[in-house]
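One structure below.
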Amino acid sequence: MRAAPACISAQSLRYRWPGQAADCLNCVQMEIRAGERVFLHGASGAGKSTLLGLVAGVLVPSAGELLVMGQSLAALSGPQRDVFRADHMGILFQQFNLIPYLPVLDNVLLPCRFSRRRLSRCTQPADPVQDARRLLDHLEIGVELHGRAASQLSVGQQQRVAAARALIGRPELVIADEPTSALDAARQSAFLDLLARECGESGATLLFVSHDLRLQAHFDRVVSL
Amino acid sequence: MSFLARLALASALNRRWTLGLTLAAVALSVALLLGVERLREGARTGFVQSVSGTDLIVGPRTGGVQLLLYSVFRIGNATNNISWVSAQVLGQHPAVAWTIPVSLGDTHRSFPVLGTTEAYFTHFRHGDQRALSLAQGRPFAGLFEVVLGSEVARALGYQLGQGITLSHGASELSLAAEALTQAAEHGDKPFTVVGILAPTGTPVDRTLHVTLESMSALHLDWQGGAPLPGLKIPAEFVRKFDLAPKDVNAVLVGLKNRSDVFRMQRFVNEFRGEPLLGILPGVTLDELWGLLAVAERALKAISALVVAVGLAGLVAVVLAGLNERRRELAILRSVGARPGDIFALLMVEGVLVIGLGVVLGVVLLAAVFTAVTPWAQTQFGLALGGTMGGTLPAAAEWPLIAAVFAAGTLASAVPAWRAYRLSLADGLTPRV
């Protein structure tokens, strides 16, 4: 574990939203190793979502350096960052993670549609459905729900489906932006256990963002903004 | 790419009600645009088909268009007559091959009655120089015999040998109104159907043909458009009277040599006996189109505007829906969709609606025209069949269809571009 390479490394990272007078992120130093499960804590407005945007390559740093898996995202063009994100990252939002009109299984398979690498990293690239079903099974989504439209699922079920989608094709990094905020305490805990277990199983680094410090017990380390 | 198409389809199906209504608007506007064009073409073809081989139409001094309209198309009324003597002088002119006198004014169940001579059956040409042919029976030979146009026989269900009565005046009134004007019936002099013409797709189909003598016989005891009070001349006695026509409404003239047409026209226009007007059907038709051009252009402009409204509706609906879909777009971005994919997704959706709208519009139009053609034939005697009955768009319509499609594609680029900008600005966290 000690020899694990850096998954995310930020040096003097700054970001200022266009048209704003002050930096949103000011001189962030951060080092996250591959396979770590990190709890990124910060109060509302501390720039958590902005940092996630930078890591995901949706935003480009105003100054400083950000390496994700050794790759400087700023050095990539927009489309290249899109490909990089799809290839290496699974992303979980607070809620409304699913395309409502697609069936559960198709929602899980979305990354394989846009990223050839994610498809090739499935156990059987010719049949990614197997992996999708296995992940859904692990995340306790019954087979009878696989063909349902995503909009017919409960919020908790939706978040677990979204987790399966983030994990399919074994991306190196899973980013979760307060995915449990719509769940009650018992379900939060159960969801985090599942998420942490699945990340561990696929060897993915987990970057979990929340303002709720009570959740930190599920993680290896806490980073504060 | 095919996945994007499937995604767009699934997304569109998810919003099928709003998009469906937009689709209907596009389809209707396309049908209207093509319909106006088809109607215009059909009317032109119908008019051009209605008279051929006639070199000159001679009538009283009136407007050329008016003369053409009533003598060939039975539209409008003849306001004046030319004397039978003049008509006979015309017929004997050395340059003239044949003449067909035309006497109008009576109707039967709102179908016009034409008084003419046997020359009508031998010399009248329509379409591509086609002569009239009888489907059943024979041409009229004597008094109170009538030859029906095919549409008259079909619409009224008349058979050979059947007796019918004619009404005086061009009555377009309903049966109830006809009952009120019983006085204007030629009920005392019934006609016998002796022949039924084959369909021509021209006003001939909705005309009843009688001899000029029959026409005179009908009006022996009439004066100034009404029966003379106290004077009744029963049908069996009319033969005792001189039934030679006194006047006719127009004369269709065929020349031995077409190159004489302008010389003949001058002869007619400078006719000594009475003021006459000679027109060349083709030239007068062009004059008519000239008159109608403004209305045609206005109709075209309106239908083009309706298409624009339909497309604007589509853009508005997709744009309005975009805000609700920002989350959906962000999710797609998070799983690796490029902004270009988002643009393509929206384009596919727009093109899908436009494409379906165009197809539906064409189908709708074909259905409407198939349903309406018989009615148009009865009401206007215009050959709306042929080009218009066809289910596939005519060659001339493809550029219009392509133009609508191109405009629609261009219009779809507006919400697609907006979505592209939104997905760039929002990234993974849409500010809803």
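In the structure tokens, chains take the letters A, B, ... in the order shown, each chain's residues start at 1, and ligands count up from 1 in the order shown.
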
Using DSSP on the backbone coordinates, identify all residues within chain A classified as helix (DSSP H, G or I); present the result as a PyMOL selection string.
chain A and resi 48-56+73-75+78-88+104-114+116-120+128-138+143-145+150-152+155-167+185-202+213-218

Find the spatial neighbours of range 92-102 of chain A, counting only C-alpha atoms, within a cut-off of 9 Å - ignore same-chain residues fewer than 4 positions away - and output them as a compact mmCIF listing (two decimals) with all heavy atoms, in the first residue's frame.
# COMPACT_ATOMS: atom_id res chain seq x y z
N ASP A 106 -29.44 -0.42 -18.90
CA ASP A 106 -28.84 0.49 -19.88
C ASP A 106 -28.15 1.66 -19.19
O ASP A 106 -27.13 2.16 -19.66
CB ASP A 106 -29.91 1.02 -20.85
CG ASP A 106 -30.28 -0.02 -21.89
OD1 ASP A 106 -29.50 -0.97 -22.05
OD2 ASP A 106 -31.33 0.12 -22.52
N ASN A 107 -28.71 2.11 -18.07
CA ASN A 107 -28.06 3.18 -17.31
C ASN A 107 -26.69 2.73 -16.82
O ASN A 107 -25.72 3.47 -16.92
CB ASN A 107 -28.93 3.58 -16.11
CG ASN A 107 -29.77 4.81 -16.41
OD1 ASN A 107 -29.23 5.91 -16.55
ND2 ASN A 107 -31.06 4.63 -16.54
N VAL A 108 -26.63 1.49 -16.32
CA VAL A 108 -25.36 0.98 -15.81
C VAL A 108 -24.35 0.87 -16.95
O VAL A 108 -23.16 1.14 -16.77
CB VAL A 108 -25.57 -0.40 -15.14
CG1 VAL A 108 -24.23 -1.00 -14.73
CG2 VAL A 108 -26.50 -0.26 -13.94
N GLY A 147 -34.82 -4.46 -15.73
CA GLY A 147 -35.46 -3.98 -16.96
C GLY A 147 -36.35 -2.77 -16.74
O GLY A 147 -36.87 -2.19 -17.69
N ARG A 148 -36.54 -2.39 -15.47
CA ARG A 148 -37.41 -1.25 -15.15
C ARG A 148 -36.83 0.07 -15.61
O ARG A 148 -35.61 0.23 -15.64
CB ARG A 148 -37.56 -1.14 -13.63
CG ARG A 148 -38.45 -2.13 -13.01
CD ARG A 148 -39.85 -1.67 -12.77
NE ARG A 148 -40.56 -2.80 -12.17
CZ ARG A 148 -40.72 -2.95 -10.87
NH1 ARG A 148 -40.29 -2.04 -10.05
NH2 ARG A 148 -41.34 -4.00 -10.40
N ALA A 149 -37.69 1.02 -15.90
CA ALA A 149 -37.22 2.38 -16.17
C ALA A 149 -36.65 2.94 -14.87
O ALA A 149 -37.19 2.69 -13.79
CB ALA A 149 -38.35 3.26 -16.67
N ALA A 150 -35.54 3.66 -14.98
CA ALA A 150 -34.85 4.16 -13.80
C ALA A 150 -35.76 5.02 -12.93
O ALA A 150 -35.64 5.06 -11.71
CB ALA A 150 -33.62 4.95 -14.22
N SER A 151 -36.71 5.71 -13.58
CA SER A 151 -37.56 6.64 -12.84
C SER A 151 -38.50 5.91 -11.88
O SER A 151 -39.11 6.53 -11.01
CB SER A 151 -38.36 7.49 -13.83
OG SER A 151 -39.04 6.66 -14.73
N GLN A 152 -38.64 4.57 -12.07
CA GLN A 152 -39.57 3.83 -11.21
C GLN A 152 -38.91 3.35 -9.92
O GLN A 152 -39.57 2.72 -9.09
CB GLN A 152 -40.13 2.63 -11.98
CG GLN A 152 -41.02 3.05 -13.14
CD GLN A 152 -41.50 1.86 -13.94
OE1 GLN A 152 -40.89 0.80 -13.90
NE2 GLN A 152 -42.59 2.05 -14.64
N VAL A 155 -35.21 6.35 -4.35
CA VAL A 155 -33.98 7.14 -4.38
C VAL A 155 -32.78 6.28 -4.00
O VAL A 155 -31.73 6.32 -4.64
CB VAL A 155 -34.09 8.36 -3.43
CG1 VAL A 155 -32.79 9.15 -3.45
CG2 VAL A 155 -35.26 9.23 -3.84
N GLN A 158 -31.90 4.05 -6.76
CA GLN A 158 -31.28 4.81 -7.84
C GLN A 158 -29.81 5.06 -7.56
O GLN A 158 -28.96 4.94 -8.45
CB GLN A 158 -31.99 6.15 -8.02
CG GLN A 158 -33.34 6.01 -8.68
CD GLN A 158 -33.91 7.36 -9.09
OE1 GLN A 158 -33.18 8.31 -9.28
NE2 GLN A 158 -35.22 7.42 -9.25
N GLN A 159 -29.49 5.38 -6.28
CA GLN A 159 -28.09 5.67 -5.95
C GLN A 159 -27.24 4.42 -6.08
O GLN A 159 -26.08 4.49 -6.50
CB GLN A 159 -27.98 6.27 -4.55
CG GLN A 159 -28.58 7.66 -4.40
CD GLN A 159 -28.03 8.67 -5.39
OE1 GLN A 159 -28.34 8.63 -6.57
NE2 GLN A 159 -27.18 9.57 -4.91
N VAL A 161 -27.82 1.95 -8.18
CA VAL A 161 -27.65 1.73 -9.63
C VAL A 161 -26.56 2.67 -10.15
O VAL A 161 -25.69 2.26 -10.93
CB VAL A 161 -28.97 1.98 -10.38
CG1 VAL A 161 -28.73 1.94 -11.90
CG2 VAL A 161 -30.02 0.95 -9.99
N ALA A 162 -26.58 3.91 -9.64
CA ALA A 162 -25.57 4.88 -10.08
C ALA A 162 -24.17 4.41 -9.66
O ALA A 162 -23.21 4.59 -10.40
CB ALA A 162 -25.87 6.25 -9.48
N ALA A 163 -24.10 3.79 -8.48
CA ALA A 163 -22.80 3.27 -8.03
C ALA A 163 -22.33 2.16 -8.96
O ALA A 163 -21.15 2.10 -9.33
CB ALA A 163 -22.93 2.76 -6.60
N ARG A 165 -23.04 1.93 -12.04
CA ARG A 165 -22.59 2.57 -13.27
C ARG A 165 -21.19 3.17 -13.10
O ARG A 165 -20.36 3.10 -14.00
CB ARG A 165 -23.56 3.68 -13.67
CG ARG A 165 -23.21 4.26 -15.03
CD ARG A 165 -24.11 5.38 -15.39
NE ARG A 165 -23.94 6.49 -14.47
CZ ARG A 165 -24.88 7.39 -14.23
NH1 ARG A 165 -26.04 7.31 -14.82
NH2 ARG A 165 -24.65 8.38 -13.39
N ALA A 166 -20.93 3.76 -11.91
CA ALA A 166 -19.62 4.37 -11.68
C ALA A 166 -18.54 3.30 -11.66
O ALA A 166 -17.38 3.58 -11.98
CB ALA A 166 -19.63 5.15 -10.38
N VAL A 174 -13.16 6.64 -8.52
CA VAL A 174 -14.59 6.87 -8.39
C VAL A 174 -14.78 8.16 -7.61
O VAL A 174 -14.26 8.31 -6.51
CB VAL A 174 -15.29 5.70 -7.68
CG1 VAL A 174 -16.74 6.04 -7.35
CG2 VAL A 174 -15.23 4.44 -8.54
N ILE A 175 -15.50 9.09 -8.20
CA ILE A 175 -15.76 10.37 -7.55
C ILE A 175 -17.21 10.40 -7.12
O ILE A 175 -18.11 10.16 -7.93
CB ILE A 175 -15.49 11.54 -8.53
CG1 ILE A 175 -14.02 11.54 -8.95
CG2 ILE A 175 -15.87 12.87 -7.90
CD1 ILE A 175 -13.72 12.55 -10.03
N ALA A 176 -17.45 10.70 -5.86
CA ALA A 176 -18.82 10.74 -5.36
C ALA A 176 -19.08 12.08 -4.69
O ALA A 176 -18.38 12.45 -3.76
CB ALA A 176 -19.06 9.59 -4.40
N ASP A 177 -20.07 12.79 -5.20
CA ASP A 177 -20.39 14.12 -4.67
C ASP A 177 -21.64 14.04 -3.82
O ASP A 177 -22.75 14.12 -4.32
CB ASP A 177 -20.60 15.07 -5.87
CG ASP A 177 -20.77 16.51 -5.43
OD1 ASP A 177 -20.74 16.76 -4.22
OD2 ASP A 177 -20.96 17.37 -6.31
N GLU A 178 -21.46 13.85 -2.52
CA GLU A 178 -22.57 13.71 -1.57
C GLU A 178 -23.68 12.80 -2.07
O GLU A 178 -24.84 13.19 -2.11
CB GLU A 178 -23.18 15.09 -1.26
CG GLU A 178 -22.10 16.10 -0.87
CD GLU A 178 -22.62 17.10 0.14
OE1 GLU A 178 -23.37 16.69 1.04
OE2 GLU A 178 -22.26 18.28 0.04
N PRO A 179 -23.37 11.57 -2.43
CA PRO A 179 -24.40 10.70 -3.01
C PRO A 179 -25.42 10.23 -2.00
O PRO A 179 -26.45 9.67 -2.39
CB PRO A 179 -23.59 9.52 -3.57
CG PRO A 179 -22.39 9.45 -2.71
CD PRO A 179 -22.08 10.87 -2.31
N THR A 180 -25.14 10.45 -0.72
CA THR A 180 -26.05 9.91 0.29
C THR A 180 -26.92 10.98 0.91
O THR A 180 -27.67 10.71 1.83
CB THR A 180 -25.24 9.23 1.42
OG1 THR A 180 -24.36 10.23 1.98
CG2 THR A 180 -24.42 8.08 0.90
N SER A 181 -26.83 12.19 0.42
CA SER A 181 -27.53 13.29 1.10
C SER A 181 -29.05 13.11 1.08
O SER A 181 -29.74 13.66 1.93
CB SER A 181 -27.15 14.63 0.46
OG SER A 181 -27.47 14.61 -0.90
N ALA A 182 -29.57 12.33 0.11
CA ALA A 182 -31.02 12.15 0.07
C ALA A 182 -31.46 10.91 0.84
O ALA A 182 -32.63 10.56 0.81
CB ALA A 182 -31.48 12.06 -1.39
N LEU B 7 -30.41 6.63 -28.13
CA LEU B 7 -30.59 7.45 -26.94
C LEU B 7 -31.56 8.61 -27.24
O LEU B 7 -32.48 8.89 -26.48
CB LEU B 7 -29.23 8.00 -26.50
CG LEU B 7 -29.13 8.53 -25.08
CD1 LEU B 7 -29.38 7.41 -24.10
CD2 LEU B 7 -27.76 9.12 -24.86
N ALA B 10 -35.04 7.24 -27.47
CA ALA B 10 -35.60 6.94 -26.16
C ALA B 10 -36.00 8.23 -25.45
O ALA B 10 -37.06 8.32 -24.83
CB ALA B 10 -34.59 6.16 -25.34
N SER B 11 -35.13 9.24 -25.57
CA SER B 11 -35.40 10.52 -24.94
C SER B 11 -36.64 11.18 -25.55
O SER B 11 -37.48 11.74 -24.85
CB SER B 11 -34.18 11.43 -25.10
OG SER B 11 -34.47 12.71 -24.63
N LEU B 13 -39.10 9.63 -27.08
CA LEU B 13 -40.28 8.86 -26.69
C LEU B 13 -40.73 9.24 -25.28
O LEU B 13 -41.91 9.26 -24.97
CB LEU B 13 -39.98 7.36 -26.75
CG LEU B 13 -40.07 6.74 -28.14
CD1 LEU B 13 -39.67 5.27 -28.10
CD2 LEU B 13 -41.48 6.88 -28.69
N ASN B 14 -39.73 9.55 -24.46
CA ASN B 14 -40.03 9.95 -23.08
C ASN B 14 -40.84 11.25 -23.05
O ASN B 14 -41.62 11.48 -22.14
CB ASN B 14 -38.71 10.13 -22.32
CG ASN B 14 -38.93 10.37 -20.85
OD1 ASN B 14 -39.73 9.67 -20.24
ND2 ASN B 14 -38.26 11.36 -20.30
N ARG B 327 -29.96 18.14 -16.24
CA ARG B 327 -29.46 17.07 -15.40
C ARG B 327 -29.09 15.86 -16.28
O ARG B 327 -28.02 15.29 -16.14
CB ARG B 327 -30.54 16.70 -14.38
CG ARG B 327 -30.32 15.45 -13.61
CD ARG B 327 -29.11 15.49 -12.72
NE ARG B 327 -29.13 16.56 -11.73
CZ ARG B 327 -28.20 16.70 -10.77
NH1 ARG B 327 -27.20 15.85 -10.70
NH2 ARG B 327 -28.27 17.69 -9.93
N GLU B 328 -30.00 15.54 -17.20
CA GLU B 328 -29.78 14.42 -18.12
C GLU B 328 -28.49 14.64 -18.93
O GLU B 328 -27.68 13.72 -19.08
CB GLU B 328 -31.00 14.35 -19.05
CG GLU B 328 -30.93 13.31 -20.13
CD GLU B 328 -32.12 13.47 -21.10
OE1 GLU B 328 -33.19 13.92 -20.66
OE2 GLU B 328 -31.94 13.18 -22.29
N LEU B 329 -28.30 15.88 -19.38
CA LEU B 329 -27.11 16.18 -20.17
C LEU B 329 -25.85 16.06 -19.32
O LEU B 329 -24.82 15.56 -19.77
CB LEU B 329 -27.22 17.58 -20.79
CG LEU B 329 -28.41 17.78 -21.74
CD1 LEU B 329 -28.41 19.18 -22.32
CD2 LEU B 329 -28.41 16.75 -22.85
N ILE B 331 -25.46 14.11 -16.74
CA ILE B 331 -25.19 12.69 -16.51
C ILE B 331 -24.46 12.11 -17.72
O ILE B 331 -23.46 11.40 -17.59
CB ILE B 331 -26.51 11.92 -16.28
CG1 ILE B 331 -27.16 12.36 -14.96
CG2 ILE B 331 -26.26 10.42 -16.25
CD1 ILE B 331 -28.59 11.90 -14.80
N LEU B 332 -24.95 12.47 -18.90
CA LEU B 332 -24.30 11.96 -20.12
C LEU B 332 -22.86 12.45 -20.20
O LEU B 332 -21.96 11.69 -20.57
CB LEU B 332 -25.09 12.40 -21.36
CG LEU B 332 -26.44 11.70 -21.53
CD1 LEU B 332 -27.22 12.30 -22.68
CD2 LEU B 332 -26.23 10.20 -21.75
N SER B 334 -20.99 13.10 -17.68
CA SER B 334 -20.20 12.43 -16.64
C SER B 334 -19.80 11.02 -17.08
O SER B 334 -18.79 10.51 -16.63
CB SER B 334 -20.98 12.37 -15.33
OG SER B 334 -21.93 11.34 -15.38
N LEU B 428 -20.35 19.06 -14.79
CA LEU B 428 -21.03 17.97 -14.11
C LEU B 428 -22.05 18.47 -13.10
O LEU B 428 -22.77 17.69 -12.51
CB LEU B 428 -19.99 17.11 -13.40
CG LEU B 428 -18.92 16.52 -14.31
CD1 LEU B 428 -17.96 15.66 -13.52
CD2 LEU B 428 -19.55 15.72 -15.42
N THR B 429 -22.09 19.78 -12.89
CA THR B 429 -23.00 20.29 -11.87
C THR B 429 -23.93 21.34 -12.46
O THR B 429 -23.62 22.52 -12.46
CB THR B 429 -22.23 20.93 -10.71
OG1 THR B 429 -21.21 21.76 -11.29
CG2 THR B 429 -21.60 19.90 -9.83

Compile the contact shell of range 64-76 of chain A as a PyMOL selection string: residues with an atom at most 12 Å away, counting only C-alpha atoms, same-chain residues fewer than 5 positions apart removed.
chain A and resi 4-16+25-35+51-59+81-85+87-89+171-173+204-205

Create the file for the chosen residues now, containing C-alpha atoms and written as a short mmCIF file (atom, residue, chain, number, x, y, z; two decimals), in the first residue's frame.
data_model
loop_
_atom_site.label_atom_id
_atom_site.label_comp_id
_atom_site.auth_asym_id
_atom_site.auth_seq_id
_atom_site.Cartn_x
_atom_site.Cartn_y
_atom_site.Cartn_z
CA ALA A 4 1.03 2.82 -4.38
CA PRO A 5 1.45 5.56 -6.99
CA ALA A 6 -0.38 8.86 -6.67
CA CYS A 7 -3.87 8.85 -8.09
CA ILE A 8 -4.53 12.54 -7.62
CA SER A 9 -1.89 15.10 -6.88
CA ALA A 10 -2.57 18.81 -6.61
CA GLN A 11 0.12 21.47 -6.19
CA SER A 12 -0.80 25.11 -5.49
CA LEU A 13 -4.06 24.49 -7.27
CA ARG A 14 -6.17 27.59 -7.86
CA TYR A 15 -9.47 28.10 -9.57
CA ARG A 16 -11.46 31.25 -10.13
CA LEU A 25 -10.06 27.38 -4.65
CA ASN A 26 -6.95 28.90 -3.28
CA CYS A 27 -3.68 27.01 -3.19
CA VAL A 28 -4.91 23.49 -2.68
CA GLN A 29 -2.29 20.89 -1.85
CA MET A 30 -3.49 17.34 -2.04
CA GLU A 31 -2.07 13.89 -2.60
CA ILE A 32 -4.28 10.85 -2.93
CA ARG A 33 -2.74 7.45 -3.55
CA ALA A 34 -4.21 4.77 -5.74
CA GLY A 35 -6.66 2.54 -3.89
CA LEU A 51 -12.47 20.68 -7.00
CA LEU A 52 -14.41 17.70 -8.30
CA GLY A 53 -14.96 19.57 -11.57
CA LEU A 54 -11.23 20.11 -11.84
CA VAL A 55 -10.41 16.48 -11.06
CA ALA A 56 -13.04 15.32 -13.53
CA GLY A 57 -11.53 17.58 -16.16
CA VAL A 58 -14.68 19.58 -16.70
CA LEU A 59 -12.94 22.67 -15.40
CA ARG A 81 -10.34 15.29 -21.20
CA ASP A 82 -13.79 13.94 -22.02
CA VAL A 83 -12.25 10.69 -23.19
CA PHE A 84 -9.89 10.59 -20.19
CA ARG A 85 -12.82 11.08 -17.80
CA ASP A 87 -11.94 6.00 -19.49
CA HIS A 88 -10.70 6.41 -15.94
CA MET A 89 -13.45 7.82 -13.73
CA PRO A 171 -12.29 2.81 -13.57
CA GLU A 172 -9.26 3.78 -11.49
CA LEU A 173 -11.07 6.61 -9.75
CA ALA A 204 -10.62 1.84 -7.45
CA THR A 205 -9.60 4.98 -5.60
#

Using only C-alpha atoms, which of A:Gly90, A:Gly42, A:Glu144, A:Cys24 sits nearest chain B?
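Closest to chain B of all the choices is A:Gly90.
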
Report as a VMD selection string: the residues of range 73-318 of chain B with a DSSP assignment of strand (DSSP E or B), based on the backbone of this structure.
chain B and resid 82 to 83 96 to 103 107 to 108 111 to 116 125 to 126 130 to 131 134 to 137 145 to 148 163 to 164 167 185 191 to 197 208 to 211 222 to 223 226 to 227 247 to 248 250 to 255 276 to 279

Name all residues at most 8 Å from Val268 in chain B (count only C-alpha atoms; drop same-chain ones fewer than 3 positions away) and give them as a list in words.
Val58, Met264, Gln265, Phe271, Leu276, Leu277 and Gly278 of chain B

Selection export as a CSV table (one decimal), in the first residue's frame, atoms kept: N, CA and C atoms:
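Produced file selection-v3.csv, reproduced below:
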chain,number,residue,atom,x,y,z
B,58,VAL,N,-65.2,32.6,-79.8
B,58,VAL,CA,-65.9,33.9,-80.2
B,58,VAL,C,-67.1,34.1,-79.3
B,264,MET,N,-57.9,35.6,-88.4
B,264,MET,CA,-59.3,35.3,-88.0
B,264,MET,C,-59.8,36.1,-86.8
B,265,GLN,N,-58.8,36.2,-85.8
B,265,GLN,CA,-59.2,37.0,-84.6
B,265,GLN,C,-59.5,38.4,-85.0
B,271,PHE,N,-65.8,42.5,-86.7
B,271,PHE,CA,-67.0,42.0,-87.4
B,271,PHE,C,-68.0,43.1,-87.5
B,276,LEU,N,-68.1,41.7,-81.6
B,276,LEU,CA,-67.8,40.4,-81.2
B,276,LEU,C,-66.4,40.4,-80.6
B,277,LEU,N,-66.1,39.4,-79.9
B,277,LEU,CA,-64.7,39.3,-79.3
B,277,LEU,C,-64.2,37.9,-79.6
B,278,GLY,N,-63.0,37.8,-80.1
B,278,GLY,CA,-62.4,36.5,-80.4
B,278,GLY,C,-61.2,36.4,-79.5

Calculate how many Å separate CA of Gly142 in chain A from CA of Val104 in chain A, rounding to one decimal.
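Straight-line distance from CA of Gly142 in chain A to CA of Val104 in chain A works out to 10.8 Å.
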
Please compute the CA of Ser44 in chain A-CA of Leu213 in chain A distance, one decimal, in Å.
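Distance between the two atoms: 12.5 Å.
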
Selected residue, from A:Leu167, A:Leu225, A:Ala46, A:Ala22, that lies nearest to chain B when counting only C-alpha atoms:
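Using only C-alpha atoms, the shortest distance to chain B belongs to A:Leu167.
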
CA of Ala155 in chain B to CA of His108 in chain B measures 12.0 Å

Name the residues in contact with Ala244 in chain B at a cut-off of 10 Å, using only C-alpha atoms, excluding same-chain residues fewer than 4 positions from it; report them as a PyMOL selection string.
chain B and resi 84+212-217

Go ahead and save the picked residues with N, CA and C atoms, as a PDB file, in the first residue's frame.
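Contents of out.pdb, freshly written:
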ATOM      1  N   TRP B  84     -77.419  34.226 -83.798  1.00  0.00           N
ATOM      2  CA  TRP B  84     -77.213  32.967 -84.512  1.00  0.00           C
ATOM      3  C   TRP B  84     -76.714  33.246 -85.935  1.00  0.00           C
ATOM      4  N   LEU B 212     -79.431  22.810 -79.611  1.00  0.00           N
ATOM      5  CA  LEU B 212     -79.847  24.213 -79.539  1.00  0.00           C
ATOM      6  C   LEU B 212     -81.356  24.336 -79.705  1.00  0.00           C
ATOM      7  N   GLU B 213     -81.927  23.430 -80.535  1.00  0.00           N
ATOM      8  CA  GLU B 213     -83.370  23.467 -80.759  1.00  0.00           C
ATOM      9  C   GLU B 213     -84.130  23.144 -79.473  1.00  0.00           C
ATOM     10  N   SER B 214     -83.609  22.182 -78.727  1.00  0.00           N
ATOM     11  CA  SER B 214     -84.253  21.852 -77.449  1.00  0.00           C
ATOM     12  C   SER B 214     -84.244  23.069 -76.540  1.00  0.00           C
ATOM     13  N   MET B 215     -83.104  23.759 -76.561  1.00  0.00           N
ATOM     14  CA  MET B 215     -82.936  24.958 -75.746  1.00  0.00           C
ATOM     15  C   MET B 215     -84.016  25.986 -76.124  1.00  0.00           C
ATOM     16  N   SER B 216     -84.208  26.191 -77.432  1.00  0.00           N
ATOM     17  CA  SER B 216     -85.210  27.140 -77.878  1.00  0.00           C
ATOM     18  C   SER B 216     -86.597  26.684 -77.461  1.00  0.00           C
ATOM     19  N   ALA B 217     -86.839  25.380 -77.622  1.00  0.00           N
ATOM     20  CA  ALA B 217     -88.158  24.850 -77.314  1.00  0.00           C
ATOM     21  C   ALA B 217     -88.514  25.079 -75.855  1.00  0.00           C
TER      22      ALA B 217
END

Neighbours of Ala24 in chain B within 12 Å (only C-alpha atoms; same-chain residues fewer than 6 positions away dropped), as a PyMOL selection string?
chain B and resi 16-18+30-31+307+310-311+313-314+353-361+364
